[in-house]
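Participant: Contents of model-v7.cif (mmCIF, C-alpha atoms) are below:
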```cif
data_structure
loop_
_atom_site.label_atom_id
_atom_site.label_comp_id
_atom_site.auth_asym_id
_atom_site.auth_seq_id
_atom_site.Cartn_x
_atom_site.Cartn_y
_atom_site.Cartn_z
CA MET N 1103 0.00 0.00 0.00
CA ALA N 1104 1.24 3.51 -0.75
CA ARG N 1105 2.66 5.59 2.07
CA SER N 1106 1.87 9.18 1.16
CA HIS N 1107 3.48 10.59 4.28
CA HIS N 1108 6.86 9.28 3.09
CA ARG N 1109 6.69 11.13 -0.19
CA LYS N 1110 8.81 14.15 -0.91
CA LYS N 1111 6.90 17.40 -0.48
CA HIS N 1112 6.16 18.86 -3.86
CA LYS N 1113 4.72 22.06 -5.25
CA GLN N 1114 7.12 24.20 -3.27
CA HIS N 1115 6.37 27.08 -5.58
CA LEU N 1116 2.81 27.10 -4.20
CA ARG N 1117 3.72 26.72 -0.51
CA GLN N 1118 5.49 30.07 -0.42
CA PHE N 1119 2.19 31.88 -1.03
CA LYS N 1120 0.45 30.47 2.04
CA SER N 1121 2.26 32.79 4.44
CA SER N 1122 2.05 35.84 2.15
CA HIS N 1123 -1.72 35.41 1.87
CA ASP N 1124 -2.21 35.76 5.65
CA SER N 1125 -1.00 39.38 5.73
CA HIS N 1126 -3.22 40.21 2.75
CA VAL N 1127 -6.32 39.10 4.67
CA ALA N 1128 -5.62 41.57 7.49
CA ALA N 1129 -5.17 44.42 5.02
CA SER N 1130 -8.47 43.65 3.27
CA ALA N 1131 -10.27 43.59 6.63
CA ALA N 1132 -9.02 47.11 7.33
CA ARG N 1133 -10.28 48.25 3.94
CA ASN N 1134 -13.69 46.72 4.61
CA LYS N 1135 -14.08 48.82 7.74
CA VAL N 1136 -13.50 52.01 5.82
CA SER N 1137 -15.76 51.00 2.96
CA GLY N 1138 -18.48 49.90 5.43
CA ARG N 1139 -18.33 53.30 7.09
CA TRP N 1140 -18.71 55.06 3.77
CA MET N 1141 -21.39 52.65 2.62
CA PHE N 1142 -23.59 53.79 5.50
CA ALA N 1143 -22.71 57.42 4.71
CA ILE N 1144 -23.85 57.00 1.10
CA ALA N 1145 -27.06 55.31 2.22
CA GLY N 1146 -27.62 58.18 4.67
CA PHE N 1147 -27.03 60.63 1.84
CA VAL N 1148 -29.71 59.00 -0.31
CA VAL N 1149 -32.20 58.73 2.55
CA GLY N 1150 -31.56 62.31 3.68
CA PHE N 1151 -31.99 63.60 0.13
CA ALA N 1152 -35.22 61.65 -0.31
CA ILE N 1153 -36.68 62.89 2.97
CA GLY N 1154 -35.75 66.49 2.17
CA PHE N 1155 -37.14 66.24 -1.34
CA PHE N 1156 -40.44 64.60 -0.46
CA ALA N 1157 -41.02 66.56 2.75
CA SER N 1158 -40.68 70.05 1.29
CA GLY N 1159 -39.14 70.16 -2.16
CA SER N 1160 -37.19 73.27 -1.14
CA ALA N 1161 -33.49 73.33 -2.00
CA VAL N 1162 -32.59 74.44 1.53
CA TRP N 1163 -34.35 71.51 3.18
CA ILE N 1164 -32.98 69.07 0.62
CA ALA N 1165 -29.46 70.27 1.46
CA VAL N 1166 -30.12 70.09 5.21
CA GLY N 1167 -31.58 66.59 4.91
CA THR N 1168 -28.66 65.45 2.79
CA ILE N 1169 -26.05 66.80 5.23
CA VAL N 1170 -27.81 65.39 8.29
CA GLY N 1171 -28.41 62.03 6.59
CA THR N 1172 -24.79 61.71 5.46
CA ALA N 1173 -23.43 62.58 8.92
CA THR N 1174 -25.84 60.20 10.62
CA GLY N 1175 -24.98 57.38 8.21
CA TYR N 1176 -21.27 57.94 8.72
CA PHE N 1177 -21.50 57.77 12.51
CA ILE N 1178 -23.79 54.72 12.41
CA GLY N 1179 -21.28 53.01 10.10
CA LYS N 1180 -18.45 53.96 12.42
CA ARG N 1181 -20.24 52.38 15.38
CA VAL N 1182 -21.02 49.25 13.39
CA ASP N 1183 -17.37 48.92 12.36
CA GLU N 1184 -16.26 49.25 15.98
CA GLY N 1185 -18.74 46.59 17.03
CA LYS N 1186 -20.76 48.73 19.42
CA THR N 1187 -24.46 48.05 19.40
CA GLY N 1188 -25.81 50.08 22.28
#
```
For this file, write the structure as structure tokens.

Facilitator:
Amino acid sequence: MARSHHRKKHKQHLRQFKSSHDSHVAASAARNKVSGRWMFAIAGFVVGFAIGFFASGSAVWIAVGTIVGTATGYFIGKRVDEGKTG
């Protein structure tokens, strides 16, 4: 019967990438936090614009709703990224 554990290790050109991939995962997690924060900010922008537009139709209130919605979305996204729920 074949003894696979006695075989010479092969595909050494692929084994070198296992350790380099681990550092890449940590960097992508950091990018996801930033993009998650801005994703909530963009959603807040859209919701704030919609509320300002449908509530009054005035350019002033649309701008106020957009600014407040964007800021609120950003801070909600920041709290979600930090893991705080309450």

Participant: How many Å lie between atom CA of N:Gly1138 and atom CA of N:Val1182, rounded to one decimal?

Facilitator: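 Computing it gives 8.4 Å between the two atoms.
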
Participant: What is the atom CA of N:Trp1140-atom CA of N:Phe1156 distance in Å, reported with one decimal?

Facilitator: 24.1 Å

Participant: Which residue gives the smallest distance to N:Gly1185 among N:Arg1139, N:Gly1146, N:Ile1153, N:Arg1105, with only C-alpha atoms counted?

Facilitator: N:Arg1139

Participant: Check what the PyMOL selection byres ((chain N and resi 1154) around 6) selects in the file above and give those residues as a VMD selection string.

Facilitator: chain N and resid 1151 to 1153 1155 to 1157 1163 to 1164 1167

Participant: I need the output of the PyMOL selection byres ((chain N and resi 1143) around 6) for this file as a list in words; which residues are they?

Facilitator: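 Output from the PyMOL selection byres ((chain N and resi 1143) around 6), applied to this file: Trp1140, Met1141, Phe1142, Ile1144, Ala1145, Gly1146, Thr1172, Gly1175 and Tyr1176 of chain N.
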
Participant: Kindly give the distance, in Å, that separates atom CA of N:Ser1160 and atom CA of N:Phe1147, rounded to a single decimal.

Facilitator: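 Value for the atom CA of N:Ser1160-atom CA of N:Phe1147 distance: 16.5 Å.
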